[in-house]
Amino acid sequence: MAVIRVDGLAGGYAPGTDAIADVAFALEPGTIAAVLGPNGGGKTTLFRALLGELPLRRGTVELAARPAYVPQTDRTRHDFPVSALDVVLMGAYARTPAWRRVARADRDAAKATLDRVGLADRARRHFGSLSGGQRQRVLIARALLQDSGVILLDEPLSGVDATSAARIEELFAQLRAEGRVLLVATHDVEQARRWDQVICLHGRQIAFGAPATTLTTDVLGRTYGDELVILPGGERAIAVEHHAH
Amino acid sequence: MPLDAPFIQRALVEALLLAGLAGVLGSWIVLRRFAFFTHGVGTAAFPGLVVAVPAGVAPQLTGLAAALLYAGGVEWLGRTRRVATDAATGLALVAALAIGVILASDVFESPASVDRLLFGSLIGLSDRDLWLTAAVLAAALILDLGLRRAWLAEGFDPGTARALGIRAALADPLLLLAIVLACVVALDAVGALLVTAVLVIPAATVRLVAPSVATLQLGTAALTAVEGVAGLWFAYELNIGPGPAIAVLGGAVFAVVAVVTRWR
């Protein structure tokens, strides 16, 4: 039974213009799906739709659980006076009444999630003083504390150090084994090939399926357009980011 | 400084109440980057204060009306996207000051009255002023208790509060409303141009060393209280306005802390 089922999804913020269209896929428990596409291709917009923040014009979104969301670390304020543990505890806010302290069980769970991402000894450290990869792992720990069966991750492996990248990929495998569904926005085609499913976006859905059969040169060409470089031999292709922001 | 004089006692109580407001709201103003908004609200209240006396109404009421008009105008200009928010803020500030000065030149014959509106007078307060400040402090404490997690989450990670399951739709508008009310009750004490001396500068100073939001709030309340009482003493002994004395003291303390923390 699918944990996420999206059918004919279209929506957007500007009147009369769809930011994303023709999106249809279903994901079973224990799946890691890459969301592949160029900047502005609709990866974050798809996440907004799954979080219920995008005005939908057509189609349906069915979710077995409210998703947890892991933003890119550069969207967070590194100057905020919060520790790594403070950030993780935000994952328990939804179930904590405003007038109460976060429950001891949640505090213990927060420390356990920090331990799980390899940062137990950094719990009291200022969030902004951590490395980029460590900050990313703290944000993942926050999502784990939300205890959702569906986790949306916005480019979690972009620009992180090798140690953090290895830890994060190891954690992904554990979460898949637990039956959770992970949607991971990425630019990295080779990364996407290692996961179970791939959704290719370029304003609309270009393709969906297993990476081995989906990531053809034709599909990548339609997904990335001018940003795609075919390597000599024609068997490998890489997406070149043209940052507009 | 005669501590048994009622006007001094009222000034001390007001300084402590404003310290509480600075602790609760000043910290969020600095963390959420609403310092310029706060300065704008204070300045925009000036024309409202000018018309209060001839209109025979409480200055807090006309000041609040002018401040809300300003906040609504900036929000509307920003929403039309024809004018950038900072340009809209600058436009509204210039308009508020100009209208205030033009009105004042017709309404007041004594420049000292205009000075008092612009720079306040901590030693000229009524009991009603104290009760209003106490009421706004109580409201700010209640809002902080109910919404501090939404303010923290939305400030730390803009746009993600909802994904964390936090109902944040009304949290920021209520924070802005609380800031407007805090500015309005601070006007009598420190004037239209110096509300930031109470609501921004102490929090910005403590921000340089505070490791957590709670520490920032407690430290800001304590520093604002000390600066308020010391400023009042300097003002009385040197025969200068309390508002400017508090502002100069606050600026000096900020400079010292900034230099020391830079070298540390």
# chains A, B, ... in the order shown; residues from 1 in each chain; ligands from 1
>>> interface_residues(of="chain B", to="chain A", cutoff="12 Å", atoms="only C-alpha atoms", output="VMD selection string")
chain B and resid 27 to 28 30 to 33 141 to 169 206 to 217
>>> select_by_dssp(residues="region 188-234 of chain A", states="helix (DSSP H, G or I)", output="number ranges by chain")
A: 189-193, 211-214, 217-227
>>> residues_around(residues="region 177-194 of chain B", least_positions_apart="5", cutoff="9 Å", atoms="only C-alpha atoms", output="JSON, numbers by chain")
{"B": [11, 14, 15, 18, 21, 22, 25, 26, 29, 34, 37, 38, 39, 40, 41, 42, 43, 44, 45, 46, 49, 59, 60, 61, 63, 64, 67, 68, 71, 115, 116, 117, 118, 119, 120, 121, 122, 123, 124, 125, 129, 130, 132, 133, 136, 137, 139, 140, 143, 172, 199, 242, 243, 244, 246, 247]}
>>> residues_around(residues="region 205-218 of chain A", least_positions_apart="6", cutoff="8 Å", atoms="only C-alpha atoms", output="list in words")
Ile20, Ala21, Asp22, Val23, Ala24, Phe25, Ala192, Arg193, Arg194, Trp195, Asp196, Gln197, Val198, Ile199 and Ala237 of chain A
>>> select_by_dssp(residues="region 163-205 of chain A", states="strand (DSSP E or B)", output="ChimeraX atom specification")
/A:181-186,197-201,204-205
>>> write_last_selection(atoms="C-alpha atoms", output="compact mmCIF listing (two decimals), in the first residue's frame")
# COMPACT_ATOMS: atom_id res chain seq x y z
CA VAL A 181 9.70 6.94 2.77
CA LEU A 182 12.38 9.52 1.92
CA LEU A 183 12.05 12.03 -0.90
CA VAL A 184 15.45 13.57 -1.52
CA ALA A 185 15.83 16.60 -3.77
CA THR A 186 19.18 16.47 -5.53
CA GLN A 197 12.91 5.55 -7.46
CA VAL A 198 13.46 8.83 -9.26
CA ILE A 199 11.08 11.69 -10.11
CA CYS A 200 12.40 13.96 -12.84
CA LEU A 201 10.96 17.49 -12.88
CA ARG A 204 6.21 19.37 -14.92
CA GLN A 205 6.99 15.71 -14.36
>>> residues_around(residues="Ala141 (chain A)", least_positions_apart="2", cutoff="8 Å", atoms="only C-alpha atoms", output="compact mmCIF listing (two decimals) with N, CA and C atoms, in the first residue's frame")
# COMPACT_ATOMS: atom_id res chain seq x y z
N VAL A 88 16.91 20.53 17.57
CA VAL A 88 16.27 19.22 17.48
C VAL A 88 14.93 19.23 18.24
N ALA A 110 15.25 13.47 21.85
CA ALA A 110 16.05 14.43 21.07
C ALA A 110 17.54 14.09 21.19
N THR A 113 18.27 11.07 19.10
CA THR A 113 18.37 11.32 17.65
C THR A 113 19.70 12.00 17.31
N LEU A 114 20.14 12.89 18.23
CA LEU A 114 21.46 13.50 17.99
C LEU A 114 22.55 12.43 18.00
N ARG A 116 22.10 9.40 17.15
CA ARG A 116 21.91 8.60 15.94
C ARG A 116 22.60 9.25 14.72
N VAL A 117 22.64 10.59 14.71
CA VAL A 117 23.32 11.25 13.58
C VAL A 117 24.79 11.55 13.92
N ARG A 137 23.05 17.46 9.63
CA ARG A 137 22.67 16.29 10.45
C ARG A 137 21.77 16.69 11.61
N VAL A 138 21.97 17.89 12.18
CA VAL A 138 21.08 18.38 13.25
C VAL A 138 19.67 18.56 12.70
N LEU A 139 19.56 19.11 11.49
CA LEU A 139 18.23 19.32 10.90
C LEU A 139 17.55 17.98 10.59
N ALA A 143 13.98 16.38 12.16
CA ALA A 143 12.91 15.69 11.42
C ALA A 143 12.64 14.32 12.02
N LEU A 144 13.69 13.64 12.48
CA LEU A 144 13.50 12.31 13.09
C LEU A 144 12.67 12.42 14.36
N LEU A 145 12.87 13.52 15.12
CA LEU A 145 12.10 13.68 16.36
C LEU A 145 10.62 13.89 16.06
>>> decode(residues="region 116-143 of chain A", atoms="C-alpha atoms", output="mmCIF file, in the first residue's frame")
data_model
loop_
_atom_site.group_PDB
_atom_site.id
_atom_site.type_symbol
_atom_site.label_atom_id
_atom_site.label_comp_id
_atom_site.auth_asym_id
_atom_site.auth_seq_id
_atom_site.Cartn_x
_atom_site.Cartn_y
_atom_site.Cartn_z
ATOM 1 C CA ARG A 116 21.915 8.602 15.937
ATOM 2 C CA VAL A 117 23.324 11.252 13.581
ATOM 3 C CA GLY A 118 26.679 11.103 15.399
ATOM 4 C CA LEU A 119 26.433 14.417 17.220
ATOM 5 C CA ALA A 120 25.696 13.442 20.834
ATOM 6 C CA ASP A 121 28.817 15.279 21.979
ATOM 7 C CA ARG A 122 27.725 18.463 20.144
ATOM 8 C CA ALA A 123 24.292 18.786 21.818
ATOM 9 C CA ARG A 124 25.189 21.953 23.738
ATOM 10 C CA ARG A 125 27.202 23.535 20.941
ATOM 11 C CA HIS A 126 25.870 26.669 19.245
ATOM 12 C CA PHE A 127 24.151 25.591 16.019
ATOM 13 C CA GLY A 128 25.938 28.265 13.990
ATOM 14 C CA SER A 129 29.365 27.085 15.174
ATOM 15 C CA LEU A 130 28.905 23.608 13.663
ATOM 16 C CA SER A 131 30.212 22.690 10.209
ATOM 17 C CA GLY A 132 27.787 22.659 7.274
ATOM 18 C CA GLY A 133 27.559 18.867 7.347
ATOM 19 C CA GLN A 134 26.971 18.815 11.104
ATOM 20 C CA ARG A 135 24.231 21.441 10.785
ATOM 21 C CA GLN A 136 22.579 19.294 8.118
ATOM 22 C CA ARG A 137 22.668 16.289 10.447
ATOM 23 C CA VAL A 138 21.082 18.376 13.250
ATOM 24 C CA LEU A 139 18.230 19.322 10.902
ATOM 25 C CA ILE A 140 17.784 15.654 9.989
ATOM 26 C CA ALA A 141 17.704 14.803 13.725
ATOM 27 C CA ARG A 142 14.950 17.418 14.128
ATOM 28 C CA ALA A 143 12.914 15.695 11.416
#
